[in-house]
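Data from query04.tsv: TSV, C-alpha atoms and all ligand atoms
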```
chain	number	residue	atom	x	y	z
A	249	MET	CA	125.35	105.38	114.68
A	250	CYS	CA	124.43	101.81	115.32
A	251	LEU	CA	120.75	101.06	115.76
A	252	THR	CA	121.09	97.40	116.51
A	253	THR	CA	120.78	97.22	120.29
A	254	ASP	CA	117.46	97.41	122.10
A	255	LYS	CA	118.87	100.03	124.43
A	256	LYS	CA	119.72	102.35	121.58
A	257	ILE	CA	116.41	101.74	119.83
A	258	LEU	CA	114.53	102.65	122.99
A	259	LYS	CA	116.64	105.76	123.36
A	260	PHE	CA	115.78	106.88	119.84
A	261	ILE	CA	112.09	105.99	119.94
A	262	ASP	CA	111.29	109.04	121.99
A	263	MET	CA	113.84	111.32	120.38
A	264	ASN	CA	112.09	114.02	118.41
A	265	ARG	CA	113.61	115.61	115.32
A	266	ARG	CA	114.91	118.64	117.18
A	267	GLU	CA	116.74	116.50	119.70
A	268	PHE	CA	118.12	114.34	116.92
A	269	LEU	CA	119.54	117.29	115.05
A	270	LYS	CA	121.46	118.36	118.12
A	271	THR	CA	123.30	115.06	117.95
A	272	LEU	CA	124.48	115.45	114.36
A	273	ALA	CA	127.90	116.70	115.32
A	274	VAL	CA	128.58	114.05	117.90
A	275	LEU	CA	127.35	110.81	116.38
A	276	PRO	CA	129.65	109.96	113.47
A	277	LEU	CA	128.92	106.72	111.65
A	278	THR	CA	131.22	104.39	113.56
A	279	ALA	CA	132.46	102.25	110.70
A	280	LEU	CA	133.04	105.22	108.43
A	281	ALA	CA	134.96	107.03	111.13
A	282	LYS	CA	137.34	104.09	111.27
A	283	THR	CA	138.23	104.34	107.61
A	284	SER	CA	137.90	108.06	106.93
A	285	SER	CA	139.13	110.75	109.23
A	286	ARG	CA	137.28	114.05	109.35
A	287	GLY	CA	138.76	117.39	108.47
A	288	TYR	CA	137.97	120.64	106.74
A	289	TYR	CA	138.00	119.04	103.31
A	290	VAL	CA	137.04	121.22	100.38
A	291	ASP	CA	137.75	119.81	96.93
A	292	PRO	CA	136.69	122.45	94.40
A	293	LYS	CA	135.11	121.00	91.27
A	294	VAL	CA	133.79	122.88	88.26
A	295	ALA	CA	130.05	123.20	88.82
A	296	SER	CA	127.20	122.37	86.46
A	297	TYR	CA	124.42	124.84	85.63
A	298	TRP	CA	126.05	128.22	85.07
A	299	ILE	CA	126.64	130.62	82.21
A	300	LYS	CA	129.39	133.04	81.41
A	301	LYS	CA	128.63	136.74	81.47
A	302	GLU	CA	130.87	139.67	80.55
A	303	GLY	CA	134.55	139.36	81.41
A	304	ASN	CA	135.10	136.92	84.24
A	305	THR	CA	131.58	137.24	85.62
A	306	VAL	CA	129.38	134.13	85.75
A	307	GLN	CA	125.76	133.48	86.59
A	308	CYS	CA	124.71	130.35	88.46
A	309	GLN	CA	121.61	128.70	86.99
A	310	ASN	CA	121.11	126.09	89.68
A	311	CYS	CA	118.45	127.73	91.81
A	312	PRO	CA	116.05	130.67	91.45
A	313	HIS	CA	118.47	133.07	93.15
A	314	LYS	CA	120.51	133.00	89.91
A	315	CYS	CA	123.50	134.61	91.62
A	316	VAL	CA	125.65	136.82	89.39
A	317	LEU	CA	129.20	136.41	90.65
A	318	LYS	CA	132.35	138.35	89.85
A	319	ASP	CA	135.72	136.64	90.05
A	320	GLY	CA	136.28	135.58	93.67
A	321	GLN	CA	132.67	135.99	94.76
A	322	ARG	CA	130.65	133.23	96.37
A	323	GLY	CA	126.95	132.50	95.92
A	324	PHE	CA	124.16	133.01	98.41
A	325	CYS	CA	124.37	129.31	99.34
A	326	ARG	CA	128.04	129.72	100.40
A	327	VAL	CA	129.16	126.69	98.39
A	328	ARG	CA	129.53	127.92	94.79
A	329	GLU	CA	132.32	130.30	93.89
A	330	ASN	CA	133.62	132.09	90.82
A	331	ARG	CA	137.30	131.29	90.42
A	332	GLY	CA	138.90	132.93	87.42
A	333	GLY	CA	135.68	133.05	85.39
A	334	LYS	CA	134.52	129.51	86.14
A	335	LEU	CA	131.94	128.49	88.71
A	336	TYR	CA	133.13	125.89	91.20
A	337	THR	CA	131.23	123.86	93.75
A	338	LEU	CA	132.98	123.50	97.11
A	339	SER	CA	130.59	120.86	98.42
A	340	TYR	CA	131.42	117.89	96.19
A	341	GLY	CA	132.15	114.71	98.11
A	342	ASN	CA	132.60	116.34	101.51
A	343	PRO	CA	129.53	115.73	103.65
A	344	CYS	CA	129.57	117.11	107.17
A	345	ALA	CA	126.77	114.83	108.38
A	346	VAL	CA	126.57	111.08	107.70
A	347	HIS	CA	124.07	108.85	109.48
A	348	ILE	CA	121.87	105.82	109.09
A	349	ASP	CA	118.31	106.91	109.87
A	350	PRO	CA	114.89	105.28	109.81
A	351	ILE	CA	113.25	106.36	106.53
A	352	GLU	CA	110.42	107.69	108.72
A	353	LYS	CA	112.78	110.40	109.94
A	354	LYS	CA	112.94	112.09	106.52
A	355	PRO	CA	109.86	111.97	106.93
A	356	LEU	CA	108.73	109.46	104.33
A	357	TYR	CA	105.87	107.39	105.74
A	358	HIS	CA	104.71	105.59	102.60
A	359	PHE	CA	108.13	104.69	101.24
A	360	LEU	CA	109.46	101.27	102.25
A	361	PRO	CA	108.43	101.65	105.90
A	362	GLY	CA	110.77	100.13	108.43
A	363	THR	CA	113.85	100.41	106.21
A	364	THR	CA	116.70	102.84	106.80
A	365	ALA	CA	118.30	105.53	104.68
A	366	TYR	CA	122.02	106.24	104.55
A	367	SER	CA	121.73	109.98	105.03
A	368	ILE	CA	124.19	112.68	104.04
A	369	ALA	CA	124.43	116.46	103.98
A	370	THR	CA	127.07	119.01	103.12
A	371	ALA	CA	127.36	122.51	104.57
A	372	GLY	CA	125.34	125.35	103.06
A	373	CYS	CA	121.80	126.25	102.00
A	374	ASN	CA	120.08	128.55	99.53
A	375	PHE	CA	117.51	129.63	102.16
A	376	ARG	CA	117.99	131.68	105.32
A	377	CYS	CA	115.16	130.23	107.41
A	378	LYS	CA	114.96	132.08	110.69
A	379	HIS	CA	113.67	128.90	112.28
A	380	CYS	CA	116.25	126.51	110.82
A	381	GLN	CA	116.64	123.57	113.18
A	382	ASN	CA	119.96	122.74	111.65
A	383	TYR	CA	121.56	126.15	111.20
A	384	GLN	CA	124.93	125.00	112.58
A	385	ILE	CA	125.59	123.22	109.29
A	386	SER	CA	123.14	124.87	106.87
A	387	GLN	CA	124.13	128.48	107.51
A	388	VAL	CA	127.88	128.06	107.15
A	389	ALA	CA	130.41	127.40	104.38
A	390	PRO	CA	132.15	124.04	103.85
A	391	GLU	CA	135.35	125.43	105.37
A	392	GLU	CA	133.49	125.88	108.66
A	393	THR	CA	132.29	122.31	109.12
A	394	SER	CA	134.22	119.17	109.87
A	395	ASN	CA	133.74	117.01	106.78
A	396	TYR	CA	134.22	113.46	105.59
A	397	LYS	CA	136.04	112.75	102.35
A	398	LEU	CA	133.27	110.71	100.74
A	399	PRO	CA	133.17	110.92	96.93
A	400	PRO	CA	130.27	109.14	95.18
A	401	GLU	CA	132.11	105.83	94.61
A	402	LYS	CA	133.12	105.62	98.25
A	403	LEU	CA	129.66	106.67	99.42
A	404	VAL	CA	127.99	103.89	97.42
A	405	ASN	CA	130.57	101.35	98.63
A	406	GLU	CA	129.85	102.39	102.22
A	407	VAL	CA	126.13	101.93	101.64
A	408	LEU	CA	126.67	98.48	100.13
A	409	HIS	CA	128.90	97.60	103.08
A	410	HIS	CA	126.22	98.55	105.64
A	411	LYS	CA	123.17	97.60	103.55
A	412	ASN	CA	122.15	94.20	104.89
A	413	ARG	CA	123.12	94.67	108.53
A	414	ASN	CA	121.18	97.96	108.74
A	415	ASN	CA	118.30	97.23	106.34
A	416	ILE	CA	119.27	100.18	104.14
A	417	SER	CA	117.01	100.74	101.13
A	418	SER	CA	118.12	104.19	100.06
A	419	ILE	CA	120.52	107.09	100.19
A	420	ALA	CA	118.87	110.21	101.59
A	421	TYR	CA	120.18	113.64	100.63
A	422	THR	CA	118.91	115.62	103.56
A	423	TYR	CA	119.48	117.75	106.71
A	424	THR	CA	120.66	120.87	104.81
A	425	GLU	CA	119.52	121.71	101.25
A	426	PRO	CA	120.65	118.99	98.83
A	427	SER	CA	120.01	121.13	95.76
A	428	ILE	CA	123.12	123.15	96.56
A	429	PHE	CA	125.23	120.00	96.25
A	430	ILE	CA	123.40	118.89	93.10
A	431	GLU	CA	126.56	117.62	91.33
A	432	TYR	CA	127.49	115.38	94.26
A	433	MET	CA	123.88	114.22	94.68
A	434	LEU	CA	123.43	113.47	90.98
A	435	ASP	CA	126.69	111.52	90.57
A	436	SER	CA	125.96	109.55	93.74
A	437	ALA	CA	122.36	108.86	92.75
A	438	LYS	CA	123.41	107.53	89.33
A	439	LEU	CA	125.91	105.11	90.87
A	440	ALA	CA	123.47	104.09	93.62
A	441	LYS	CA	120.73	103.31	91.11
A	442	LYS	CA	123.08	101.00	89.20
A	443	GLU	CA	123.64	99.09	92.44
A	444	GLY	CA	119.91	98.78	93.18
A	445	ILE	CA	119.95	101.40	95.94
A	446	LYS	CA	117.10	103.91	95.90
A	447	ASN	CA	117.55	107.67	96.22
A	448	VAL	CA	115.39	110.03	98.25
A	449	TYR	CA	115.74	113.67	99.15
A	450	HIS	CA	114.32	116.11	101.63
A	451	SER	CA	114.44	119.53	100.09
A	452	ASN	CA	113.08	123.04	100.24
A	453	GLY	CA	112.17	122.58	96.56
A	454	TYR	CA	114.07	125.71	95.54
A	455	LEU	CA	115.72	124.42	92.40
A	456	ASN	CA	115.60	125.46	88.76
A	457	GLU	CA	113.88	123.30	86.20
A	458	LYS	CA	116.93	122.04	84.31
A	459	PRO	CA	118.78	120.53	87.31
A	460	LEU	CA	115.47	119.23	88.66
A	461	LEU	CA	114.65	117.45	85.40
A	462	ASP	CA	118.18	115.99	85.35
A	463	LEU	CA	117.68	114.70	88.89
A	464	ILE	CA	114.17	113.26	88.60
A	465	PRO	CA	115.08	110.06	86.66
A	466	PHE	CA	117.36	109.03	89.53
A	467	LEU	CA	115.07	109.99	92.41
A	468	ASP	CA	112.67	107.48	93.94
A	469	GLY	CA	111.18	109.54	96.74
A	470	ALA	CA	111.06	113.12	97.96
A	471	ASN	CA	109.78	115.05	100.91
A	472	ILE	CA	109.43	118.72	100.11
A	473	ASP	CA	109.06	121.38	102.77
A	474	LEU	CA	106.16	123.58	101.75
A	475	LYS	CA	107.05	126.13	104.38
A	476	PHE	CA	104.30	128.69	103.88
A	477	PHE	CA	101.53	129.32	101.39
A	478	LYS	CA	102.28	133.05	101.21
A	479	ASN	CA	105.04	134.53	99.12
A	480	ASP	CA	105.63	137.30	101.68
A	481	SER	CA	106.39	134.72	104.37
A	482	TYR	CA	108.81	132.94	102.05
A	483	MET	CA	110.61	136.23	101.48
A	484	ASP	CA	110.57	137.42	105.11
A	485	ILE	CA	111.38	134.18	106.90
A	486	ALA	CA	113.31	132.11	104.37
A	487	SER	CA	114.70	134.57	101.77
A	488	GLY	CA	113.03	132.54	99.03
A	489	SER	CA	109.75	132.55	97.11
A	490	LEU	CA	106.72	130.31	96.80
A	491	GLU	CA	106.23	129.78	93.06
A	492	PRO	CA	109.45	127.78	92.36
A	493	VAL	CA	108.60	125.42	95.22
A	494	LEU	CA	105.14	124.78	93.78
A	495	ASN	CA	106.71	124.16	90.39
A	496	THR	CA	109.12	121.62	91.92
A	497	LEU	CA	106.21	119.78	93.54
A	498	LYS	CA	104.36	119.56	90.23
A	499	LYS	CA	107.46	118.38	88.34
A	500	LEU	CA	108.29	115.70	90.91
A	501	LYS	CA	104.74	114.39	90.81
A	502	ALA	CA	104.64	114.43	87.01
A	503	GLY	CA	108.03	112.70	86.94
A	504	GLY	CA	106.72	109.73	88.93
A	505	VAL	CA	108.75	110.42	92.08
A	506	TRP	CA	107.00	109.29	95.28
A	507	LEU	CA	106.16	112.58	96.96
A	508	GLU	CA	105.31	113.65	100.51
A	509	ILE	CA	104.99	117.19	101.86
A	510	THR	CA	105.99	118.68	105.19
A	511	TYR	CA	104.24	121.81	106.43
A	512	LEU	CA	105.85	123.02	109.65
A	513	ILE	CA	103.28	125.03	111.57
A	514	ILE	CA	104.83	128.11	113.20
A	515	PRO	CA	102.60	130.04	115.61
A	516	THR	CA	101.55	133.46	114.25
A	517	ILE	CA	103.45	132.88	110.97
A	518	ASN	CA	101.58	130.17	109.05
A	519	ASP	CA	99.09	128.66	111.50
A	520	ASP	CA	96.09	130.50	110.12
A	521	THR	CA	93.29	128.10	109.11
A	522	LYS	CA	92.75	130.01	105.86
A	523	GLU	CA	96.37	129.52	104.80
A	524	ILE	CA	96.27	125.82	105.71
A	525	LYS	CA	93.05	125.37	103.71
A	526	GLU	CA	94.49	127.22	100.70
A	527	MET	CA	97.63	125.11	100.79
A	528	THR	CA	95.63	121.89	101.09
A	529	SER	CA	93.33	122.93	98.28
A	530	TRP	CA	96.33	123.62	96.03
A	531	VAL	CA	97.78	120.20	96.82
A	532	LEU	CA	94.47	118.48	96.00
A	533	ASP	CA	94.04	120.41	92.75
A	534	ASN	CA	97.62	120.06	91.53
A	535	LEU	CA	99.02	116.89	93.05
A	536	GLY	CA	95.93	114.85	93.90
A	537	ASP	CA	94.61	113.30	97.08
A	538	GLU	CA	97.29	110.64	97.54
A	539	VAL	CA	100.23	112.89	98.43
A	540	PRO	CA	100.70	112.64	102.21
A	541	ILE	CA	100.90	115.93	104.11
A	542	HIS	CA	102.87	116.01	107.37
A	543	PHE	CA	101.90	118.81	109.75
A	544	SER	CA	104.84	119.25	112.01
A	545	ARG	CA	105.35	121.20	115.24
A	546	PHE	CA	107.78	124.09	115.48
A	547	TYR	CA	110.13	124.42	118.46
A	548	PRO	CA	111.62	127.84	119.25
A	549	THR	CA	115.08	127.93	117.74
A	550	TYR	CA	117.75	130.05	116.02
A	551	LYS	CA	116.26	133.48	115.18
A	552	LEU	CA	112.69	132.62	116.17
A	553	GLU	CA	113.31	131.77	119.79
A	554	ASN	CA	110.81	134.48	120.71
A	555	LEU	CA	107.89	132.40	119.39
A	556	PRO	CA	106.19	129.68	121.41
A	557	GLN	CA	106.29	126.00	120.58
A	558	THR	CA	103.38	124.95	118.34
A	559	PRO	CA	100.50	123.65	120.46
A	560	LEU	CA	99.76	119.98	119.80
A	561	LYS	CA	96.16	120.85	118.97
A	562	SER	CA	97.31	123.06	116.05
A	563	VAL	CA	98.88	120.17	114.15
A	564	GLU	CA	96.03	117.84	115.07
A	565	LYS	CA	93.50	120.38	113.80
A	566	ALA	CA	95.45	120.95	110.56
A	567	ARG	CA	95.52	117.19	109.96
A	568	GLU	CA	91.77	117.01	110.50
A	569	ILE	CA	91.21	119.89	108.06
A	570	ALA	CA	93.33	118.18	105.38
A	571	ILE	CA	91.52	114.85	105.80
A	572	ASP	CA	88.10	116.57	105.81
A	573	MET	CA	89.04	118.33	102.58
A	574	GLY	CA	89.90	115.02	100.93
A	575	VAL	CA	93.60	114.32	101.55
A	576	LYS	CA	93.85	110.54	102.05
A	577	TYR	CA	96.95	110.47	104.20
A	578	SER	CA	97.96	113.14	106.64
A	579	PHE	CA	100.20	112.98	109.69
A	580	VAL	CA	101.36	114.97	112.68
A	581	GLY	CA	105.08	115.30	113.39
A	582	ASN	CA	107.39	116.38	116.22
A	583	VAL	CA	104.73	115.22	118.68
A	584	PRO	CA	104.98	112.97	121.74
A	585	SER	CA	105.18	109.49	120.28
A	586	GLY	CA	102.06	107.37	120.32
A	587	ASN	CA	99.79	110.05	118.82
A	588	PRO	CA	97.16	108.43	116.51
A	589	GLY	CA	98.07	111.05	113.89
A	590	GLU	CA	101.36	109.23	113.36
A	591	ASN	CA	99.55	106.19	111.94
A	592	THR	CA	98.32	105.32	108.46
A	593	TYR	CA	94.65	104.40	108.24
A	594	CYS	CA	92.80	103.02	105.24
A	595	PRO	CA	91.04	105.98	103.59
A	596	ALA	CA	88.15	103.70	102.55
A	597	CYS	CA	87.33	101.65	105.66
A	598	GLY	CA	89.42	103.30	108.40
A	599	LYS	CA	91.42	100.19	109.35
A	600	LEU	CA	94.72	100.86	111.09
A	601	LEU	CA	97.31	99.94	108.48
A	602	ILE	CA	100.65	101.16	109.80
A	603	LYS	CA	101.07	101.84	113.50
A	604	ARG	CA	104.04	104.05	114.31
A	605	ARG	CA	105.69	105.18	117.49
A	606	GLY	CA	107.95	108.07	116.69
A	607	TYR	CA	110.18	106.90	113.86
A	608	TYR	CA	109.47	103.23	114.43
A	609	ILE	CA	106.97	100.81	112.95
A	610	LEU	CA	105.04	98.78	115.48
A	611	GLU	CA	102.63	97.17	112.99
A	612	ASN	CA	102.43	97.10	109.21
A	613	ASN	CA	99.23	95.42	108.07
A	614	ILE	CA	99.40	96.40	104.40
A	615	LYS	CA	99.16	93.31	102.19
A	616	LYS	CA	101.18	93.86	99.02
A	617	ASP	CA	99.91	97.37	98.38
A	618	SER	CA	96.36	97.12	99.73
A	619	CYS	CA	94.21	97.26	102.82
A	620	PRO	CA	93.69	93.68	104.10
A	621	ALA	CA	90.16	94.52	105.28
A	622	CYS	CA	88.56	96.13	102.21
A	623	GLY	CA	91.14	95.75	99.44
A	624	GLU	CA	91.62	99.52	98.93
A	625	LYS	CA	94.89	100.23	97.13
A	626	ILE	CA	97.18	102.28	99.36
A	627	ALA	CA	99.44	104.77	97.56
A	628	GLY	CA	103.13	104.46	98.27
A	629	VAL	CA	106.32	102.51	97.53
A	630	TRP	CA	106.00	99.21	99.33
A	631	LYS	CA	108.70	97.03	97.76
B	1	LIG	S1	122.82	127.44	93.94
B	1	LIG	FE1	123.91	128.95	95.22
B	1	LIG	S2	125.17	130.15	93.82
B	1	LIG	FE2	123.66	129.04	92.61
B	1	LIG	S3	121.97	130.50	92.32
B	1	LIG	FE3	121.49	129.25	94.12
B	1	LIG	S4	122.28	130.36	95.87
B	1	LIG	FE4	123.23	131.25	94.05
```
structure tokens encoding of this file:
Amino acid sequence: MCLTTDKKILKFIDMNRREFLKTLAVLPLTALAKTSSRGYYVDPKVASYWIKKEGNTVQCQNCPHKCVLKDGQRGFCRVRENRGGKLYTLSYGNPCAVHIDPIEKKPLYHFLPGTTAYSIATAGCNFRCKHCQNYQISQVAPEETSNYKLPPEKLVNEVLHHKNRNNISSIAYTYTEPSIFIEYMLDSAKLAKKEGIKNVYHSNGYLNEKPLLDLIPFLDGANIDLKFFKNDSYMDIASGSLEPVLNTLKKLKAGGVWLEITYLIIPTINDDTKEIKEMTSWVLDNLGDEVPIHFSRFYPTYKLENLPQTPLKSVEKAREIAIDMGVKYSFVGNVPSGNPGENTYCPACGKLLIKRRGYYILENNIKKDSCPACGEKIAGVWK
């Protein structure tokens, strides 16, 4: 996808996330497509994070599902398989989605605004979200998606090749759940860091502590979906649980990774004011007041097509609640572009600091890392 012509920029300005995701399958990165044909590539590689059990049985230790797998069985994420008593990953170096995106699309609003992220995803996920906007690639196995052959060395070379022309600051591991391709992500992130490229990920946060702690030194930014603040909802809607996600948030923050949170408001599921207040209160108590919270609108999709689209006022109200409770930076997402809730304001004097329209920056008034009007330091990664 080339973002260099005005026509294309205008086309993407008003494209919301849901519309963008529909284009994943049809917008291959032009230059990459020239040098790397797509196919159903699966290159099994012995996985990290597993232990041997009795006989040929193994147990994956990568995420809280801790799948116990007999010979020939595949994990809940559809990408890790027991072959002859060893656990293999089938998602190493074979992304099914490769794009250059504005970093704002992750969304990361206080992380090098106006730059782009070379974004990749493989097939598979360790959640079963009934509202997944990207289920065509997240709820299938790698054999069911058309993939690029893009091992870490080639990925980093591609990023370096496109870096200057496209203002790329980072590689984003995104779209599906990057934790399920942890080996690929980790090897790529290590190489990228050596080349001065930053690494960010957008994740459901459902990862065990050991792989998370291995990843943190190479991560610069993260947006974690805090999908609900009720364990029952996690179980019913996503086939996961709340506590590991909260633990991931705390570990990322403690590890010095720039952190933002997305809370997708789904009517009747998690739009209750009490739940939003409890979630916000937890964030303030455990992560502090400088972690941005994005309240995003749900659009009926996949297995939740029966629910209505989130009213605009629900996300606007949630943002107001968060700010009233003390969160310094909160945003609305998946809204018609031009909403004031897309902007960053100084939490001390209220000056408009970053004006956004959709995924694009119209004004950035931050000087170094501070408000030019009152000098307040603005949390984020600015250079
Ligand atoms: S990463 Fe996959 S195989 Fe491993 S525990 Fe999680 S769902 Fe199971």
**Message:** What does the list of residues within 12 Å of ligand LIG 1 (chain B) look like if you count all atoms listed in the file, written as a PyMOL selection string?
**Reply:** chain A and resi 295-299+306-318+321-330+335-339+371-376+387+389+425-431+453-456+459+487-488
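Using all atoms listed in the file, the shortest contact distance between Val493 of chain A and any of A:Asn479, A:Ser544, A:Asn382, A:Thr549 is found at A:Asn479.
The smallest atom-to-atom distance between Thr516 of chain A and any of A:Leu434, A:Leu555, A:Gly536, A:Arg605, using all atoms listed in the file, is found for A:Leu555.
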Pick out the residues sitting within 8 Å of Asn415 of chain A, and hand them over as a PDB file with C-alpha atoms, in the coordinates of the input; count only C-alpha atoms, and ignore anything fewer than 4 positions along from it in its own chain.
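Saved to selection.pdb:
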```
ATOM      1  CA  THR A 363     113.850 100.410 106.210  1.00  0.00           C
ATOM      2  CA  THR A 364     116.700 102.840 106.800  1.00  0.00           C
ATOM      3  CA  LYS A 411     123.170  97.600 103.550  1.00  0.00           C
TER       4      LYS A 411
END
```
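For the atom pair formed by atom CA of Ile514 of chain A and atom CA of Tyr547 of chain A, the distance is 8.3 Å, given to one decimal.
The space separating atom CA of Arg331 of chain A from atom CA of Val294 of chain A comes to 9.4 Å.
You can rank A:Ile351, A:Ile517, A:Val407, A:Cys344 by their closest distance to Val388 of chain A using all atoms listed in the file, and at the top of that list sits A:Cys344.
Minimum atom-to-atom distance to Gly503 of chain A, evaluated using only C-alpha atoms, belongs to A:Phe466 out of A:Tyr340, A:Tyr550, A:Tyr608, A:Phe466.
Of the residues under consideration (A:Lys616, A:Lys441, A:Lys293, A:His450), A:His450 shows the shortest atom-to-atom contact distance to Lys353 of chain A when counting all atoms listed in the file.
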**Request:** Please provide as a ChimeraX atom specification all residues within 12 Å of Ile464 of chain A, with the sequence filter that same-chain residues fewer than 3 positions apart are discarded (counting only C-alpha atoms).
**Result:** /A:430,433-434,437-438,447-449,455,457-461,467-470,496-507
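Of note, atom CA of Leu398 of chain A and atom CA of His347 of chain A are spaced 12.8 Å apart.
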**Which residue of A:Gly332, A:Glu352, A:Thr422, A:Asn342 approaches Leu403 of chain A most closely, using only C-alpha atoms** = A:Asn342
